[in-house]
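Novice: Next comes the structure file entry_0.txt, holding compact mmCIF, C-alpha atoms and all ligand atoms.
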# COMPACT_ATOMS: atom_id res chain seq x y z
CA MET A 80 0.00 0.00 0.00
CA LYS A 81 1.29 3.46 -0.85
CA LYS A 82 1.79 5.49 2.27
CA LEU A 83 1.54 9.26 2.41
CA LYS A 84 4.86 10.61 3.64
CA VAL A 85 4.12 13.56 5.93
CA MET A 86 7.08 15.50 7.31
CA SER A 87 6.28 17.76 10.27
CA VAL A 88 8.89 20.49 10.67
CA PHE A 89 9.06 22.62 13.82
CA GLY A 90 11.67 24.25 15.97
CA THR A 91 10.36 26.36 18.86
CA ARG A 92 8.52 25.48 22.07
CA PRO A 93 5.02 26.58 21.00
CA GLU A 94 5.23 24.85 17.64
CA ALA A 95 6.37 21.65 19.35
CA ILE A 96 3.51 21.76 21.87
CA LYS A 97 0.97 22.30 19.12
CA MET A 98 2.48 19.80 16.65
CA ALA A 99 3.09 17.02 19.20
CA PRO A 100 -0.51 15.79 19.29
CA LEU A 101 -0.62 15.90 15.49
CA VAL A 102 2.57 13.85 15.19
CA LYS A 103 0.97 11.28 17.50
CA GLU A 104 -2.29 11.31 15.55
CA LEU A 105 -0.55 10.83 12.18
CA GLY A 106 1.08 7.73 13.65
CA ASN A 107 -2.37 6.13 14.06
CA TYR A 108 -3.05 5.82 10.30
CA ASP A 109 -1.87 2.75 8.35
CA ASN A 110 -1.61 4.81 5.17
CA ILE A 111 0.48 7.66 6.64
CA ASP A 112 4.23 7.55 7.20
CA PRO A 113 4.96 10.35 9.70
CA ILE A 114 8.45 11.91 9.75
CA VAL A 115 9.60 14.55 12.23
CA CYS A 116 12.29 17.11 11.45
CA VAL A 117 13.15 19.66 14.14
CA THR A 118 15.21 22.73 13.33
CA GLY A 119 16.33 23.28 16.90
CA GLN A 120 15.56 27.03 16.63
CA HIS A 121 15.02 26.55 20.37
CA ARG A 122 17.22 23.95 22.02
CA GLU A 123 16.41 23.38 25.69
CA MET A 124 12.81 24.59 25.41
CA LEU A 125 12.19 22.37 22.39
CA ASP A 126 13.83 19.36 23.99
CA GLN A 127 11.63 19.78 27.09
CA VAL A 128 8.55 19.34 24.89
CA LEU A 129 9.98 16.47 22.85
CA SER A 130 10.77 14.52 25.98
CA ALA A 131 7.41 15.32 27.62
CA PHE A 132 5.53 13.92 24.62
CA GLU A 133 8.13 11.19 23.97
CA ILE A 134 8.88 12.25 20.40
CA THR A 135 12.23 11.33 18.85
CA PRO A 136 12.90 13.39 15.73
CA ASP A 137 14.10 11.68 12.58
CA PHE A 138 16.13 14.79 11.69
CA ASP A 139 17.52 17.58 13.86
CA LEU A 140 19.13 20.63 12.23
CA ASP A 141 20.35 21.86 15.63
CA ILE A 142 20.65 25.48 14.47
CA MET A 143 20.28 27.53 17.68
CA GLU A 144 22.84 30.18 18.62
CA LYS A 145 22.85 32.47 21.65
CA SER A 146 21.11 35.77 20.76
CA GLN A 147 20.47 34.51 17.23
CA THR A 148 19.09 36.75 14.49
CA ILE A 149 16.03 36.13 12.37
CA SER A 150 18.29 36.09 9.28
CA SER A 151 20.60 33.42 10.67
CA VAL A 152 17.65 31.23 11.64
CA THR A 153 16.12 31.65 8.16
CA SER A 154 19.27 30.81 6.24
CA LYS A 155 20.23 27.85 8.43
CA VAL A 156 16.74 26.33 8.13
CA LEU A 157 16.75 26.81 4.34
CA MET A 158 20.14 25.19 3.88
CA GLY A 159 19.55 22.44 6.43
CA LEU A 160 16.23 21.35 4.97
CA LYS A 161 17.65 21.12 1.48
CA ASP A 162 19.98 18.36 2.73
CA VAL A 163 17.14 16.63 4.59
CA PHE A 164 14.92 16.57 1.49
CA GLU A 165 17.77 14.96 -0.45
CA LYS A 166 17.88 12.14 2.08
CA ASP A 167 14.16 11.70 2.60
CA ARG A 168 11.71 13.47 0.31
CA PRO A 169 8.18 13.72 1.77
CA ASP A 170 4.90 14.14 -0.12
CA ILE A 171 4.07 17.11 2.07
CA VAL A 172 5.76 19.26 4.67
CA LEU A 173 3.63 20.48 7.56
CA VAL A 174 4.63 23.72 9.23
CA HIS A 175 2.97 25.48 12.13
CA GLY A 176 1.93 29.06 12.79
CA ASP A 177 4.22 32.04 12.50
CA THR A 178 7.78 31.41 13.58
CA THR A 179 10.84 31.86 11.43
CA THR A 180 11.25 28.08 11.38
CA SER A 181 7.74 27.80 9.89
CA PHE A 182 8.25 30.36 7.17
CA ALA A 183 11.74 29.16 6.22
CA ALA A 184 10.64 25.50 6.19
CA GLY A 185 7.68 26.41 3.96
CA LEU A 186 10.04 28.24 1.62
CA ALA A 187 12.52 25.33 1.58
CA ALA A 188 9.72 22.91 0.69
CA PHE A 189 8.48 25.22 -2.05
CA TYR A 190 11.99 25.53 -3.51
CA ASP A 191 12.08 21.72 -3.66
CA LYS A 192 8.56 21.61 -5.17
CA ILE A 193 7.18 19.76 -2.17
CA ALA A 194 3.61 20.51 -1.07
CA VAL A 195 3.20 22.64 2.06
CA GLY A 196 0.47 22.27 4.70
CA HIS A 197 0.04 25.19 7.10
CA VAL A 198 -1.29 24.31 10.55
CA GLU A 199 -2.77 27.25 12.49
CA ALA A 200 -3.38 29.17 9.27
CA GLY A 201 -5.07 32.53 8.84
CA LEU A 202 -4.34 34.32 12.12
CA ARG A 203 -3.79 38.03 11.48
CA SER A 204 -3.11 41.13 13.55
CA PHE A 205 -3.13 43.29 10.39
CA ASP A 206 -0.01 45.09 11.61
CA LYS A 207 3.12 44.15 9.70
CA MET A 208 5.36 45.18 12.62
CA SER A 209 3.42 43.61 15.47
CA PRO A 210 3.84 40.85 16.32
CA TYR A 211 7.26 41.09 14.67
CA PRO A 212 8.26 39.15 12.64
CA GLU A 213 5.36 36.74 13.14
CA GLU A 214 2.66 38.65 11.19
CA MET A 215 4.81 38.61 8.06
CA ASN A 216 5.95 35.03 8.68
CA ARG A 217 2.39 33.76 8.72
CA LEU A 218 1.31 35.89 5.72
CA LEU A 219 4.20 34.52 3.66
CA THR A 220 3.61 30.97 4.86
CA GLY A 221 -0.02 31.36 3.79
CA ARG A 222 1.13 32.23 0.26
CA LEU A 223 3.47 29.24 0.17
CA ALA A 224 0.95 26.72 1.48
CA ASP A 225 -1.11 24.33 -0.67
CA ILE A 226 -3.41 23.29 2.14
CA HIS A 227 -4.44 25.43 5.10
CA PHE A 228 -5.73 24.29 8.50
CA SER A 229 -7.47 27.24 10.12
CA PRO A 230 -8.36 26.92 13.79
CA THR A 231 -11.48 29.14 13.62
CA ARG A 232 -13.98 30.54 11.15
CA ALA A 233 -12.52 34.03 11.63
CA ASN A 234 -9.09 32.68 10.60
CA PHE A 235 -10.71 31.02 7.56
CA ASN A 236 -12.34 34.34 6.61
CA ASN A 237 -9.00 36.15 6.84
CA LEU A 238 -7.62 33.78 4.21
CA LEU A 239 -10.70 34.20 2.01
CA ASN A 240 -10.21 37.97 2.14
CA GLU A 241 -6.68 37.48 0.84
CA GLY A 242 -8.02 35.41 -2.07
CA ILE A 243 -6.94 32.09 -0.54
CA ASN A 244 -10.09 30.07 -1.11
CA LYS A 245 -8.93 26.58 -2.06
CA ASN A 246 -8.09 23.72 0.31
CA VAL A 247 -8.83 25.69 3.49
CA TYR A 248 -10.24 23.65 6.37
CA ILE A 249 -11.56 24.75 9.77
CA THR A 250 -10.15 22.31 12.28
CA GLY A 251 -9.87 23.95 15.72
CA ASN A 252 -6.49 24.57 17.29
CA THR A 253 -4.32 21.57 18.11
CA VAL A 254 -3.32 23.24 21.40
CA ILE A 255 -6.71 22.26 22.80
CA ASP A 256 -5.96 18.64 21.83
CA ALA A 257 -2.68 18.95 23.77
CA LEU A 258 -4.39 20.52 26.78
CA LYS A 259 -6.79 17.61 27.06
CA THR A 260 -3.89 15.26 27.68
CA THR A 261 -1.91 17.36 30.15
CA VAL A 262 -4.21 18.72 32.89
CA ARG A 263 -5.05 16.47 35.87
CA ASP A 264 -6.63 17.29 39.25
CA ASP A 265 -4.12 15.09 41.10
CA TYR A 266 -1.09 16.30 39.14
CA VAL A 267 2.23 16.51 41.03
CA PHE A 268 4.61 19.18 39.70
CA GLU A 269 8.13 18.31 38.55
CA CYS A 270 9.24 21.78 39.68
CA PRO A 271 9.19 21.24 43.47
CA GLU A 272 8.38 24.86 44.49
CA LEU A 273 5.08 24.64 42.63
CA ASN A 274 3.87 21.84 44.93
CA ASP A 275 4.30 24.11 47.98
CA ILE A 276 2.01 26.92 46.80
CA ASP A 277 -1.38 27.39 48.51
CA TYR A 278 -3.44 27.90 45.34
CA ASP A 279 -6.75 28.24 47.21
CA GLY A 280 -5.52 30.52 49.99
CA ARG A 281 -3.48 32.91 47.86
CA LYS A 282 -4.07 34.82 44.62
CA VAL A 283 -1.44 33.37 42.31
CA VAL A 284 -0.68 35.17 39.06
CA LEU A 285 1.08 33.36 36.23
CA MET A 286 3.05 35.66 33.97
CA THR A 287 5.22 35.30 30.87
CA ALA A 288 6.77 37.82 28.46
CA HIS A 289 9.06 37.26 25.51
CA ARG A 290 7.93 39.02 22.34
CA ARG A 291 10.55 40.70 20.18
CA GLU A 292 8.39 43.79 19.55
CA ASN A 293 8.28 44.23 23.34
CA TYR A 294 12.09 44.28 23.66
CA GLY A 295 13.16 47.68 25.02
CA GLN A 296 10.79 50.10 26.76
CA PRO A 297 7.63 47.92 26.57
CA MET A 298 9.40 45.00 28.30
CA GLU A 299 10.82 47.38 30.94
CA ASN A 300 7.31 48.75 31.52
CA ILE A 301 5.93 45.22 31.96
CA MET A 302 8.58 44.29 34.53
CA GLN A 303 8.14 47.58 36.41
CA ALA A 304 4.37 47.11 36.50
CA VAL A 305 4.75 43.63 37.98
CA ALA A 306 7.24 44.90 40.58
CA GLU A 307 4.78 47.59 41.61
CA LEU A 308 1.84 45.17 41.70
CA ALA A 309 3.87 42.79 43.87
CA ALA A 310 4.59 45.68 46.27
CA GLN A 311 0.90 46.66 46.44
CA LYS A 312 -0.44 43.10 46.73
CA LYS A 313 1.85 41.52 49.29
CA ASP A 314 -0.36 38.47 49.81
CA ALA A 315 -0.48 37.66 46.09
CA LEU A 316 2.23 35.57 44.43
CA PHE A 317 3.57 36.21 40.94
CA VAL A 318 5.01 33.09 39.28
CA TYR A 319 7.16 33.88 36.25
CA PRO A 320 8.86 31.09 34.27
CA VAL A 321 11.40 33.19 32.39
CA HIS A 322 12.06 32.55 28.68
CA LEU A 323 15.69 31.66 27.89
CA SER A 324 16.22 34.67 25.62
CA PRO A 325 19.21 36.51 27.12
CA TYR A 326 17.47 39.88 26.73
CA VAL A 327 14.35 38.69 28.53
CA ARG A 328 16.39 37.10 31.32
CA GLU A 329 18.41 40.26 31.92
CA THR A 330 15.34 42.49 32.00
CA ALA A 331 13.37 40.18 34.30
CA ALA A 332 16.35 39.90 36.67
CA LYS A 333 16.91 43.67 36.66
CA TYR A 334 13.42 44.50 37.93
CA LEU A 335 12.11 41.39 39.65
CA ASP A 336 15.01 39.54 41.26
CA GLY A 337 14.88 39.44 45.04
CA ILE A 338 11.19 40.40 45.44
CA ASP A 339 9.62 38.10 48.07
CA ASN A 340 6.34 37.46 46.28
CA VAL A 341 7.76 37.14 42.76
CA MET A 342 8.98 33.65 41.85
CA LEU A 343 11.39 33.80 38.91
CA ILE A 344 11.83 30.24 37.68
CA SER A 345 13.27 28.42 34.68
CA PRO A 346 11.00 27.57 31.74
CA LEU A 347 8.57 24.89 32.85
CA GLY A 348 7.88 21.59 31.19
CA VAL A 349 4.57 21.73 29.37
CA PHE A 350 2.77 19.42 31.85
CA ASP A 351 3.84 21.67 34.75
CA MET A 352 2.86 24.76 32.81
CA HIS A 353 -0.64 23.61 31.89
CA ASN A 354 -1.35 22.32 35.37
CA LEU A 355 -0.04 25.52 36.94
CA MET A 356 -2.29 27.51 34.63
CA SER A 357 -5.28 25.44 35.66
CA ARG A 358 -4.69 26.38 39.34
CA VAL A 359 -3.82 30.09 39.26
CA TYR A 360 -6.04 33.13 39.83
CA MET A 361 -5.18 34.87 36.56
CA VAL A 362 -2.64 35.12 33.73
CA MET A 363 -0.62 38.12 32.47
CA THR A 364 1.22 37.42 29.21
CA ASP A 365 2.36 38.51 25.78
CA SER A 366 2.35 34.88 24.59
CA GLY A 367 0.10 33.69 21.79
CA GLY A 368 -0.41 30.16 23.12
CA LEU A 369 -1.36 31.25 26.63
CA GLN A 370 -4.16 33.36 25.15
CA GLU A 371 -5.70 30.14 23.84
CA GLU A 372 -5.01 27.85 26.78
CA ALA A 373 -6.02 30.06 29.70
CA PRO A 374 -9.58 30.79 28.47
CA ALA A 375 -10.15 27.05 28.01
CA LEU A 376 -9.13 26.61 31.65
CA GLY A 377 -11.41 29.41 32.85
CA LYS A 378 -8.63 31.87 33.69
CA PRO A 379 -8.82 35.61 32.97
CA VAL A 380 -5.95 36.81 30.78
CA LEU A 381 -4.38 40.26 30.54
CA VAL A 382 -2.54 40.49 27.23
CA LEU A 383 0.62 42.59 27.46
CA ARG A 384 0.51 43.70 23.83
CA ARG A 385 -1.21 46.38 21.77
CA GLU A 386 -3.06 43.95 19.51
CA THR A 387 -3.95 40.31 19.10
CA GLU A 388 -4.44 37.89 16.24
CA ARG A 389 -6.70 35.93 18.56
CA PRO A 390 -9.81 38.13 18.94
CA GLU A 391 -12.19 35.27 19.77
CA ALA A 392 -11.54 35.17 23.53
CA VAL A 393 -11.50 38.98 23.70
CA GLU A 394 -14.99 38.92 22.17
CA ALA A 395 -16.01 36.22 24.65
CA GLY A 396 -14.87 38.55 27.45
CA THR A 397 -12.19 36.38 29.06
CA VAL A 398 -9.16 38.16 27.58
CA GLU A 399 -8.36 41.87 27.84
CA ILE A 400 -5.75 43.61 25.67
CA VAL A 401 -4.02 45.97 28.08
CA GLY A 402 -1.01 47.13 26.05
CA THR A 403 2.44 47.78 27.44
CA GLU A 404 2.06 51.05 29.37
CA LYS A 405 2.98 50.54 33.01
CA GLN A 406 -0.04 52.25 34.55
CA ASP A 407 -2.51 50.52 32.21
CA ILE A 408 -1.13 47.14 33.22
CA ILE A 409 -1.32 48.02 36.91
CA ASN A 410 -4.90 49.34 36.61
CA SER A 411 -6.20 46.29 34.75
CA ALA A 412 -4.52 43.88 37.17
CA LEU A 413 -5.80 45.73 40.25
CA ARG A 414 -9.32 45.61 38.85
CA LEU A 415 -9.08 41.82 38.55
CA PHE A 416 -7.69 41.60 42.10
CA ASP A 417 -10.28 43.89 43.69
CA ASP A 418 -13.50 43.84 41.65
CA LYS A 419 -15.05 40.45 42.26
CA ASP A 420 -17.89 40.85 39.74
CA HIS A 421 -15.45 41.86 37.03
CA TYR A 422 -13.21 38.91 37.89
CA LEU A 423 -16.08 36.42 37.79
CA LYS A 424 -17.24 37.78 34.44
CA MET A 425 -13.79 37.20 32.94
CA LYS A 426 -13.27 33.84 34.62
CA ARG A 427 -15.80 31.81 32.61
CA ALA A 428 -14.30 28.88 30.70
CA VAL A 429 -14.72 29.37 26.96
CA ASN A 430 -13.47 27.25 24.08
CA PRO A 431 -13.53 29.35 20.93
CA TYR A 432 -10.27 27.79 19.73
CA GLY A 433 -11.01 24.11 19.61
CA ASP A 434 -12.74 20.99 20.91
CA GLY A 435 -9.81 18.58 21.14
CA ASN A 436 -10.38 17.02 17.69
CA ALA A 437 -8.20 19.26 15.55
CA CYS A 438 -5.50 16.65 14.89
CA ARG A 439 -7.96 14.01 13.69
CA ARG A 440 -9.53 16.58 11.35
CA ILE A 441 -6.13 17.57 9.96
CA ALA A 442 -5.16 13.94 9.30
CA GLU A 443 -8.51 13.26 7.58
CA ASP A 444 -8.25 16.45 5.51
CA LEU A 445 -4.74 15.51 4.43
CA LEU A 446 -5.89 12.09 3.22
CA TYR A 447 -8.78 13.73 1.39
CA TYR A 448 -6.46 16.30 -0.25
CA PHE A 449 -4.25 13.50 -1.58
CA GLY A 450 -7.26 11.51 -2.88
CA MET A 451 -6.79 8.78 -0.29
CA SER A 452 -10.20 9.18 1.31
CA GLU A 453 -13.67 10.07 0.06
CA LYS A 454 -14.45 13.03 2.22
CA ALA A 455 -12.89 15.76 4.28
CA ALA A 456 -13.42 15.99 8.04
CA GLU A 457 -16.39 17.87 9.47
CA GLU A 458 -15.65 21.51 10.32
CA PHE A 459 -14.87 22.62 13.85
CA VAL A 460 -17.74 24.78 15.10
CA ALA A 461 -17.13 26.82 18.26
CA GLU A 462 -19.57 26.37 21.18
C1 LIG A 501 10.63 32.50 18.92
C2 LIG A 501 9.72 32.89 17.77
C3 LIG A 501 8.42 33.47 18.31
C4 LIG A 501 7.79 32.54 19.34
C5 LIG A 501 8.81 32.20 20.40
C6 LIG A 501 8.22 31.21 21.37
C7 LIG A 501 10.75 33.73 15.73
C8 LIG A 501 11.40 34.87 15.04
N1 LIG A 501 10.35 33.93 16.97
O1 LIG A 501 11.00 33.70 19.58
O2 LIG A 501 7.51 33.63 17.24
O3 LIG A 501 6.70 33.20 19.93
O4 LIG A 501 9.96 31.62 19.80
O5 LIG A 501 8.96 31.11 22.53
O6 LIG A 501 10.62 32.68 15.14
N2 LIG A 501 17.07 30.38 23.80
C9 LIG A 501 17.81 29.44 24.47
N3 LIG A 501 17.27 28.17 24.60
C10 LIG A 501 16.05 27.85 24.13
C11 LIG A 501 15.31 28.82 23.46
C12 LIG A 501 15.83 30.08 23.29
O7 LIG A 501 18.90 29.69 24.94
O8 LIG A 501 15.64 26.70 24.31
C13 LIG A 501 17.64 31.74 23.64
C14 LIG A 501 18.79 31.80 22.62
O9 LIG A 501 19.75 32.69 23.11
C15 LIG A 501 18.09 32.38 21.40
C16 LIG A 501 17.08 33.33 22.04
O10 LIG A 501 16.62 32.62 23.19
O11 LIG A 501 18.99 33.05 20.55
C17 LIG A 501 15.92 33.75 21.20
O12 LIG A 501 15.32 32.63 20.54
P1 LIG A 501 14.53 32.85 19.14
O13 LIG A 501 13.93 31.57 18.73
O14 LIG A 501 15.41 33.55 18.17
O15 LIG A 501 13.43 33.91 19.50
P2 LIG A 501 12.23 33.83 20.54
O16 LIG A 501 12.11 35.18 21.14
O17 LIG A 501 12.38 32.64 21.41
N1 LIG A 502 5.00 27.14 28.06
C1 LIG A 502 5.65 26.12 28.74
N2 LIG A 502 6.56 26.46 29.72
C2 LIG A 502 6.83 27.76 30.02
C3 LIG A 502 6.16 28.78 29.32
C4 LIG A 502 5.26 28.44 28.32
O1 LIG A 502 5.42 24.95 28.51
O2 LIG A 502 7.65 28.00 30.93
C5 LIG A 502 4.04 26.77 27.01
C6 LIG A 502 2.67 27.41 27.11
O3 LIG A 502 1.81 26.67 27.94
C7 LIG A 502 2.23 27.42 25.66
C8 LIG A 502 3.51 27.67 24.90
O4 LIG A 502 4.56 27.26 25.79
O5 LIG A 502 1.73 26.15 25.27
C9 LIG A 502 3.64 29.11 24.55
O6 LIG A 502 4.92 29.36 24.14
P1 LIG A 502 5.52 30.81 24.06
O7 LIG A 502 4.83 31.72 24.99
O8 LIG A 502 7.00 30.66 24.18
O9 LIG A 502 5.25 31.23 22.55
P2 LIG A 502 4.01 31.85 21.76
O10 LIG A 502 2.79 31.04 22.05
O11 LIG A 502 3.89 33.27 22.19
O12 LIG A 502 4.43 31.77 20.35
Represent the supplied structure as structure tokens.
Specialist:
Amino acid sequence: MKKLKVMSVFGTRPEAIKMAPLVKELGNYDNIDPIVCVTGQHREMLDQVLSAFEITPDFDLDIMEKSQTISSVTSKVLMGLKDVFEKDRPDIVLVHGDTTTSFAAGLAAFYDKIAVGHVEAGLRSFDKMSPYPEEMNRLLTGRLADIHFSPTRANFNNLLNEGINKNVYITGNTVIDALKTTVRDDYVFECPELNDIDYDGRKVVLMTAHRRENYGQPMENIMQAVAELAAQKKDALFVYPVHLSPYVRETAAKYLDGIDNVMLISPLGVFDMHNLMSRVYMVMTDSGGLQEEAPALGKPVLVLRRETERPEAVEAGTVEIVGTEKQDIINSALRLFDDKDHYLKMKRAVNPYGDGNACRRIAEDLLYYFGMSEKAAEEFVAE
């Protein structure tokens, strides 16, 4: 029997978390031969995810450098994948989202005339410079792709408006598939300090910040706002797993080191992270993935950015875009601490991003696209 050779290419933590359940799902089909190639754009943070989901890559480009540039990542992925395709040529390359790995891998596949499937297609902020370089990465990947897996109808419509109207499927986001396998009531954390926190007796805030467009003054504002909030809310606890980017680490240390009720910790394994998120009072973040996960877990989210490509949870009322001005961040956080009605309104669990079946839909749509099954999967419809 001819098998469809599907090569998933990813390189950063969020891509790995969102592609892991798909890699597993592709392994369940007799007529699919799944191959995994990691670029290693992230090293430790990628490896954490690979080991958590027990995925051993078939190829590893191992490209990461300290304080790497977008250009170096792009060129190393392009060159590295050319060699991989010579050794093992897939029928289709799957890339995810908006990282430089995704765009460069899509381009490498196109140069080799290999079909490209874009997972998490059609998200748009409509601002070329924010998020930077992700908005342009995902636009360009959308042009390169032959088949598009949009998480939501709004994402699908964004592609339609750009004239991309063939082979676009609405699948839900694979991150919700991942979340369904990670969160447990009786979970014991690998990071020992997290087991000692009194989640019911104390307001625990989970925060993360890493975006390149926030480097500089916006990131300084974020750290200063958290320092001030920690001083005002002595009985609250701010837990901050700090991204390994040297710039982020220096800025976090400069403003937040040594504050009693701020816990600066290393990046968490994904099981720890999801279970921590399920127990905290609220989330403050500039991350894309956290904006999808926290609403599903019923946690209010303050987004430390000026825009979002994920408007669905904002519309549902569980996510607020607060920007990166210090006083705005402080005001929005204090409101969630002090105004119970406002907190309860934002706390509702909503699932606009998926129902846990995105990976099955993507696999079925792939088989349909290649003429190996009679029909495409049913569309994901939000609650
Ligand atoms: C990248 C993606 C961004 C995504 C983010 C998720 C691009 C341009 N950016 O941004 O879209 O939201 O990942 O986290 O694709 N580092 C380590 N070890 C690691 C990971 C990173 O030391 O495991 C350090 C390295 O010094 C590296 C730096 O972090 O040079 C920045 O990594 P990079 O992938 O270039 O950018 P991110 O800000 O992580
Ligand atoms: N995450 C994690 N450990 C951490 C911080 C984040 O496992 O210490 C997970 C988080 O739950 C989400 C993903 O990493 O699934 C988000 O990655 P990140 O914020 O780096 O990137 P973005 O989503 O903004 O692209």
Novice: Can you tell me which residues surround segment 379-390 of chain A at a distance of at most 7 Å, considering only C-alpha atoms, apart from same-chain residues fewer than 5 positions away, and format the answer as number ranges by chain?
Specialist: A: 202-204, 361-365, 370, 373-374, 397-403, 425-426
Novice: With a distance cut-off of 12 Å and only C-alpha atoms, select the neighbouring residues of segment 294-300 of chain A, excluding the residue or stretch itself and same-chain residues fewer than 4 positions from it, and output the selection as a ChimeraX atom specification.
Specialist: /A:209-211,287-290,304-307,324-335,364-365,383-385,401-409
Novice: Write out as a JSON list (two decimals) with C-alpha atoms, in the coordinates of the input each polymer residue (protein, DNA or RNA) that has an atom no more than 10 Å from ligand LIG 502 (chain A), with all atoms listed in the file counted.
Specialist:
[["chain", "number", "residue", "atom", "x", "y", "z"],
["A", 91, "THR", "CA", 10.36, 26.36, 18.86],
["A", 92, "ARG", "CA", 8.52, 25.48, 22.07],
["A", 93, "PRO", "CA", 5.02, 26.58, 21.00],
["A", 94, "GLU", "CA", 5.23, 24.85, 17.64],
["A", 95, "ALA", "CA", 6.37, 21.65, 19.35],
["A", 96, "ILE", "CA", 3.51, 21.76, 21.87],
["A", 97, "LYS", "CA", 0.97, 22.30, 19.12],
["A", 121, "HIS", "CA", 15.02, 26.55, 20.37],
["A", 124, "MET", "CA", 12.81, 24.59, 25.41],
["A", 125, "LEU", "CA", 12.19, 22.37, 22.39],
["A", 127, "GLN", "CA", 11.63, 19.78, 27.09],
["A", 128, "VAL", "CA", 8.55, 19.34, 24.89],
["A", 131, "ALA", "CA", 7.41, 15.32, 27.62],
["A", 176, "GLY", "CA", 1.93, 29.06, 12.79],
["A", 177, "ASP", "CA", 4.22, 32.04, 12.50],
["A", 178, "THR", "CA", 7.78, 31.41, 13.58],
["A", 210, "PRO", "CA", 3.84, 40.85, 16.32],
["A", 213, "GLU", "CA", 5.36, 36.74, 13.14],
["A", 254, "VAL", "CA", -3.32, 23.24, 21.40],
["A", 255, "ILE", "CA", -6.71, 22.26, 22.80],
["A", 257, "ALA", "CA", -2.68, 18.95, 23.77],
["A", 258, "LEU", "CA", -4.39, 20.52, 26.78],
["A", 285, "LEU", "CA", 1.08, 33.36, 36.23],
["A", 286, "MET", "CA", 3.05, 35.66, 33.97],
["A", 287, "THR", "CA", 5.22, 35.30, 30.87],
["A", 288, "ALA", "CA", 6.77, 37.82, 28.46],
["A", 289, "HIS", "CA", 9.06, 37.26, 25.51],
["A", 290, "ARG", "CA", 7.93, 39.02, 22.34],
["A", 319, "TYR", "CA", 7.16, 33.88, 36.25],
["A", 320, "PRO", "CA", 8.86, 31.09, 34.27],
["A", 321, "VAL", "CA", 11.40, 33.19, 32.39],
["A", 322, "HIS", "CA", 12.06, 32.55, 28.68],
["A", 323, "LEU", "CA", 15.69, 31.66, 27.89],
["A", 344, "ILE", "CA", 11.83, 30.24, 37.68],
["A", 345, "SER", "CA", 13.27, 28.42, 34.68],
["A", 346, "PRO", "CA", 11.00, 27.57, 31.74],
["A", 347, "LEU", "CA", 8.57, 24.89, 32.85],
["A", 348, "GLY", "CA", 7.88, 21.59, 31.19],
["A", 349, "VAL", "CA", 4.57, 21.73, 29.37],
["A", 350, "PHE", "CA", 2.77, 19.42, 31.85],
["A", 351, "ASP", "CA", 3.84, 21.67, 34.75],
["A", 352, "MET", "CA", 2.86, 24.76, 32.81],
["A", 353, "HIS", "CA", -0.64, 23.61, 31.89],
["A", 354, "ASN", "CA", -1.35, 22.32, 35.37],
["A", 355, "LEU", "CA", -0.04, 25.52, 36.94],
["A", 356, "MET", "CA", -2.29, 27.51, 34.63],
["A", 364, "THR", "CA", 1.22, 37.42, 29.21],
["A", 365, "ASP", "CA", 2.36, 38.51, 25.78],
["A", 366, "SER", "CA", 2.35, 34.88, 24.59],
["A", 367, "GLY", "CA", 0.10, 33.69, 21.79],
["A", 368, "GLY", "CA", -0.41, 30.16, 23.12],
["A", 369, "LEU", "CA", -1.36, 31.25, 26.63],
["A", 370, "GLN", "CA", -4.16, 33.36, 25.15],
["A", 371, "GLU", "CA", -5.70, 30.14, 23.84],
["A", 372, "GLU", "CA", -5.01, 27.85, 26.78],
["A", 373, "ALA", "CA", -6.02, 30.06, 29.70]]
Novice: Closest to ligand LIG 501 (chain A) among A:Asn246, A:Ser181, A:Ser87, A:Asn107, using all atoms listed in the file?
Specialist: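 Using all atoms listed in the file, the shortest distance to ligand LIG 501 (chain A) belongs to A:Ser181.
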Novice: I'd like to know which of A:Asn110, A:Asn234, A:Thr179, A:Gln311 is closest to Thr220 of chain A, using all atoms listed in the file.
Specialist: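 When distances to Thr220 of chain A are compared using all atoms listed in the file, the smallest one comes from A:Thr179.
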Novice: For Gly377 of chain A, which residue among A:Phe416, A:Ala428, A:Ala456, A:Leu223 is the nearest when counting only C-alpha atoms?
Specialist: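 Once distances to Gly377 of chain A are computed over only C-alpha atoms, the minimum belongs to A:Ala428.
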Novice: As a list in words, please: the residues near Val247 of chain A (cut-off 8 Å, only C-alpha atoms, same-chain neighbours under 2 positions excluded).
Specialist: Ile226, His227, Phe228, Ser229, Phe235, Ile243, Asn244, Lys245 and Ile249 of chain A
Novice: Pick from A:Val318, A:Gly433, A:Leu308, A:Met451: nearest to Leu413 of chain A, with all atoms listed in the file counted?
Specialist: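 Of all the options, A:Leu308 lies closest to Leu413 of chain A.
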Novice: Show which residues sit within 9 Å of Asn236 of chain A, as a list in words. Count only C-alpha atoms, and ignore same-chain residues fewer than 5 positions away.
Specialist: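 Here the answer would be Gly201, Thr231 and Glu241 of chain A.
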Novice: From the options A:Val283, A:Ala315, A:Ala184, A:Leu343, which residue's atoms come nearest to ligand LIG 501 (chain A), counting all atoms listed in the file?
Specialist: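 For ligand LIG 501 (chain A), the nearest of the given residues is A:Ala184.
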Novice: Between A:Ala437, A:Ile301, A:Val262, A:Val341, which has the minimum distance to Ala375 of chain A (counting only C-alpha atoms)?
Specialist: A:Val262
Novice: Would you kindly return, as a PyMOL selection string, each protein, DNA or RNA residue with an atom no farther than 8 Å from any atom of Val115 of chain A, considering all atoms listed in the file and excluding same-chain residues fewer than 6 positions away?
Specialist: chain A and resi 86-88+102+135-138
Novice: When you draw a straight line from atom CA of Leu140 of chain A to atom CA of Thr118 of chain A, how long is it in Å?
Specialist: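 If I compute the distance from atom CA of Leu140 of chain A to atom CA of Thr118 of chain A, I get 4.6 Å.
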